[in-house]
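**Student:** Encoded as structure tokens, here's the structure I'll be asking about.
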Amino acid sequence: RLEELPVERVPAITMTRLLVTVGSLIAMCLVLETTQIQMLRAPATVMQQAKKHWWEHYVDKSMSSGPLAVIPMPFEIKDDNAGAVLQILDRMQITNANTNTTRSETVINIGLPSESPIFAKRNIHVHAFECRESACESMRRLIKRTQTGDKTDMHCVALSNYTGMTSFYDARDSGSLLESAVSTGAELNKFKEQGMKKEEVVVDMLDHFVTDAVGMKIDTQGAEPEIFMGAEKLFTKGEKYPHVIITEYCTRLRNIVDLNVGIHLLRGLGYTCHMKHTSGSHMFINKKTDFCGDFVCVKP
């Protein structure tokens with residue numbers, strides 16, 4: 001044992017090895033301590049790297065702020081759809097109901113493009129979207145008949161968070177809950193079984209068509225969350241953003257968890273979402289709810 005040897009008899013080489021060993025142990029402890037600190041900090045970095053999509057941050061922000069509580073509108077909405085968008089924009093003094101707007105404002109109308117002339121007649125530029133070719137042709141005739149072509153851009157494309165192709169099923173019975181359905185929705189299997197008309201349509205992202213708008217109306221039978229996901233530039237990078245968004249919300253079209261992602265995304269972006277035409281507050285948080293209605297999401 002080392003302590004039993006006279007100091008003068010300890011070889012120099014042994015003392016050197018001892019000092020090197022002690023130094024190595026100290027260095028190792030420092031490395032371990034530094035590594036431990038880095039490991040404690042790692043989760044935040046890992047979480048940041050795990051977010052691959054721009055919208056995930058805003059969804060998480062909304063979810064962490066508490067349950068998705070939606071309250072009725074603070075004032076009466078007299079009109080539906082396009083008229084409601086204009087009513088709210090007028091109330092926010094972004095447009096003026098008494099005179100045609102002199103500013104070059106733009107709105108987005110996704111689904112039910114036949115309402116587009118309502119915007120155009122107010123001297124507001126409208127981007128209208130419809131994926132069915134037959135509906136697009138009808139819309140072209142309407143634009144010509146109402147002489148609103150100079151204020152309307154018609155896009156014959158389905159919108160989502162990717163580009164490609166998808167199957168579209170068109171309902172034949174007017175009693176069906178859906179007039180049409182893209183590749184998701186509770187009645188999609190029913191459409192297939194009943195031999196509904198199938199059409200292959202082009203899919204694209206909203207950012208590829210318009211990145212500045214003051215309002216949006218969207219009615220796409222449950223595909224709304226993905227459409228919001230495909231609009232990063234519109235929501236975060238444009239000079240103007242939609243101050244009002246009227247969007248369909250129906251648990252008979254799609255499960256509530258998927259639908260809530262879209263509303264959480266809007267709330268995370270700073271929108272206050274109200275439920276149109278309801279008499280009381282509603283809580284939408286991962287539970288089975290049978291509800292169909294419209295959200296009115298507003299951001300000053």
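Letters for chains follow the order of the structure tokens (A, B, ...), residue numbers begin at 1 for each chain, and ligand numbers begin at 1 in the order shown.
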Residues near Gly293 (chain A), anyone? I mean within 9 Å using only C-alpha atoms, not counting same-chain ones fewer than 2 positions away, as a ChimeraX atom specification.

**Tutor:** /A:247-250,275-278,291,295

**Student:** Can those selected residues be exported to a file as a PDB file, in the first residue's frame so that it contains N, CA and C atoms?

**Tutor:**
ATOM      1  N   THR A 247     -65.828  30.028 -40.465  1.00  0.00           N
ATOM      2  CA  THR A 247     -65.477  28.675 -40.852  1.00  0.00           C
ATOM      3  C   THR A 247     -66.488  27.676 -40.300  1.00  0.00           C
ATOM      4  N   GLU A 248     -66.785  26.679 -41.086  1.00  0.00           N
ATOM      5  CA  GLU A 248     -67.732  25.646 -40.675  1.00  0.00           C
ATOM      6  C   GLU A 248     -67.104  24.745 -39.614  1.00  0.00           C
ATOM      7  N   TYR A 249     -67.955  24.266 -38.708  1.00  0.00           N
ATOM      8  CA  TYR A 249     -67.514  23.343 -37.658  1.00  0.00           C
ATOM      9  C   TYR A 249     -68.639  22.347 -37.444  1.00  0.00           C
ATOM     10  N   CYS A 250     -68.429  21.107 -37.844  1.00  0.00           N
ATOM     11  CA  CYS A 250     -69.496  20.108 -37.729  1.00  0.00           C
ATOM     12  C   CYS A 250     -68.899  18.744 -37.401  1.00  0.00           C
ATOM     13  N   MET A 275     -68.995  31.481 -31.448  1.00  0.00           N
ATOM     14  CA  MET A 275     -69.918  30.587 -32.123  1.00  0.00           C
ATOM     15  C   MET A 275     -71.134  31.391 -32.564  1.00  0.00           C
ATOM     16  N   LYS A 276     -71.375  31.369 -33.854  1.00  0.00           N
ATOM     17  CA  LYS A 276     -72.475  32.147 -34.412  1.00  0.00           C
ATOM     18  C   LYS A 276     -73.810  31.464 -34.128  1.00  0.00           C
ATOM     19  N   HIS A 277     -74.824  32.271 -33.835  1.00  0.00           N
ATOM     20  CA  HIS A 277     -76.197  31.792 -33.635  1.00  0.00           C
ATOM     21  C   HIS A 277     -76.305  30.773 -32.503  1.00  0.00           C
ATOM     22  N   THR A 278     -75.648  31.030 -31.374  1.00  0.00           N
ATOM     23  CA  THR A 278     -75.807  30.168 -30.194  1.00  0.00           C
ATOM     24  C   THR A 278     -76.190  31.043 -29.008  1.00  0.00           C
ATOM     25  N   PHE A 291     -72.323  18.479 -32.780  1.00  0.00           N
ATOM     26  CA  PHE A 291     -72.599  19.895 -32.987  1.00  0.00           C
ATOM     27  C   PHE A 291     -72.248  20.295 -34.416  1.00  0.00           C
ATOM     28  N   PHE A 295     -68.026  28.924 -36.771  1.00  0.00           N
ATOM     29  CA  PHE A 295     -67.168  29.740 -35.935  1.00  0.00           C
ATOM     30  C   PHE A 295     -66.972  31.081 -36.624  1.00  0.00           C
TER      31      PHE A 295
END

**Student:** If we count only C-alpha atoms and set the cut-off at 10 Å, which residues sit around region 90-92 of chain A, ignoring sequence neighbours fewer than 3 positions away in its own chain? Please answer as a list in words.

**Tutor:** Ala84, Val85, Leu86, Gln87, Thr95, Asn96, Ala97, Asn98, His243, Val244, Val298, Lys299 and Pro300 of chain A

**Student:** Enter the distance from CA of Phe129 (chain A) to CA of Leu159 (chain A), in Å, rounded to one decimal.

**Tutor:**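 Separating CA of Phe129 (chain A) from CA of Leu159 (chain A) is a distance of 8.1 Å.
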
**Student:** Return as a ChimeraX atom specification the full set of residues in region 49-269 of chain A whose backbone-based DSSP assignment is helix (DSSP H, G or I).

**Tutor:** /A:49-50,56-64,82-91,113-120,133-146,149-151,188-193,206-208,224-229,232-237,256-268

**Student:** Could you check which of A:Asp207, A:Pro117, A:Arg254, A:Gly215 is closest to Ile88 (chain A), using only C-alpha atoms?

**Tutor:**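 Checking each candidate against Ile88 (chain A), we get A:Gly215 as the closest.
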
**Student:** For His155 (chain A), which residue out of A:Asp60, A:Glu199, A:Asp204, A:Glu105 is the nearest one, using only C-alpha atoms?

**Tutor:**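 Between A:Asp60, A:Glu199, A:Asp204, A:Glu105, the residue approaching His155 (chain A) most closely is A:Asp204.
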
**Student:** Would you work out the distance separating CA of Lys151 (chain A) from CA of Leu89 (chain A), expressed in Å to one decimal?

**Tutor:** 18.0 Å

**Student:** List the spatial neighbours of Gly238 (chain A) as a PyMOL selection string - criterion: any atom at most 8 Å away, only C-alpha atoms, same-chain residues fewer than 5 positions off excluded.

**Tutor:** chain A and resi 211-212+233

**Student:** Could the residues in this selection be saved with all heavy atoms as a short mmCIF file (atom, residue, chain, number, x, y, z; two decimals), in the first residue's frame?

**Tutor:**
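Dumped to result31.cif:
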data_model
loop_
_atom_site.label_atom_id
_atom_site.label_comp_id
_atom_site.auth_asym_id
_atom_site.auth_seq_id
_atom_site.Cartn_x
_atom_site.Cartn_y
_atom_site.Cartn_z
N THR A 211 -51.75 35.77 -50.57
CA THR A 211 -51.02 35.91 -49.30
C THR A 211 -51.44 37.16 -48.53
O THR A 211 -50.92 37.40 -47.45
CB THR A 211 -49.50 35.95 -49.54
OG1 THR A 211 -49.20 37.02 -50.46
CG2 THR A 211 -49.01 34.63 -50.13
N ASP A 212 -52.36 37.94 -49.09
CA ASP A 212 -52.86 39.13 -48.40
C ASP A 212 -54.38 39.18 -48.55
O ASP A 212 -54.89 39.15 -49.68
CB ASP A 212 -52.25 40.42 -48.97
CG ASP A 212 -50.77 40.53 -48.67
OD1 ASP A 212 -50.42 40.74 -47.50
OD2 ASP A 212 -49.97 40.42 -49.61
N LYS A 233 -48.03 31.95 -45.18
CA LYS A 233 -47.73 33.32 -45.61
C LYS A 233 -48.91 34.25 -45.33
O LYS A 233 -48.72 35.40 -44.92
CB LYS A 233 -47.38 33.32 -47.10
CG LYS A 233 -46.10 32.59 -47.44
CD LYS A 233 -45.84 32.61 -48.93
CE LYS A 233 -44.58 31.83 -49.29
NZ LYS A 233 -44.36 31.79 -50.76
#

**Student:** Just the number, please: distance in Å from CA of Ile77 (chain A) to CA of Cys297 (chain A), one decimal.

**Tutor:**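 Computing it gives 13.0 Å between the two atoms.
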
**Student:** Considering only strand (DSSP E or B) as DSSP defines it on the backbone, what residues of region 66-242 of chain A qualify? List them as a PyMOL selection string.

**Tutor:** chain A and resi 69-72+106-110+125-129+152-155+158-159+164-170+180-181+197-204+215-218

**Student:** Quick one: of A:Phe235, A:Phe228, A:Arg132, A:His264, who's nearest to Lys198 (chain A), counting only C-alpha atoms?

**Tutor:**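 Looking only at the distances to Lys198 (chain A), the closest residue turns out to be A:Arg132.
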
**Student:** So, with only C-alpha atoms as the atoms that count, which of A:Val59, A:Ala223, A:Leu142, A:Val201 lies closest to Leu269 (chain A)?

**Tutor:**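 Comparing A:Val59, A:Ala223, A:Leu142, A:Val201 against Leu269 (chain A), the winner is A:Val59.
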
**Student:** Would you pick out the contacts of Gln147 (chain A) at 10 Å or less, using only C-alpha atoms, so that residues sharing its chain but fewer than 6 positions from it are not included, and give the list as a PyMOL selection string?

**Tutor:** chain A and resi 117+120-121+141

**Student:** Could those selected residues go to a file with C-alpha atoms, as a PDB file, in the first residue's frame?

**Tutor:**
ATOM      1  CA  PRO A 117     -70.439  38.552 -56.400  1.00  0.00           C
ATOM      2  CA  ALA A 120     -67.285  42.019 -55.838  1.00  0.00           C
ATOM      3  CA  LYS A 121     -70.299  44.320 -55.928  1.00  0.00           C
ATOM      4  CA  ARG A 141     -71.263  31.993 -66.154  1.00  0.00           C
TER       5      ARG A 141
END
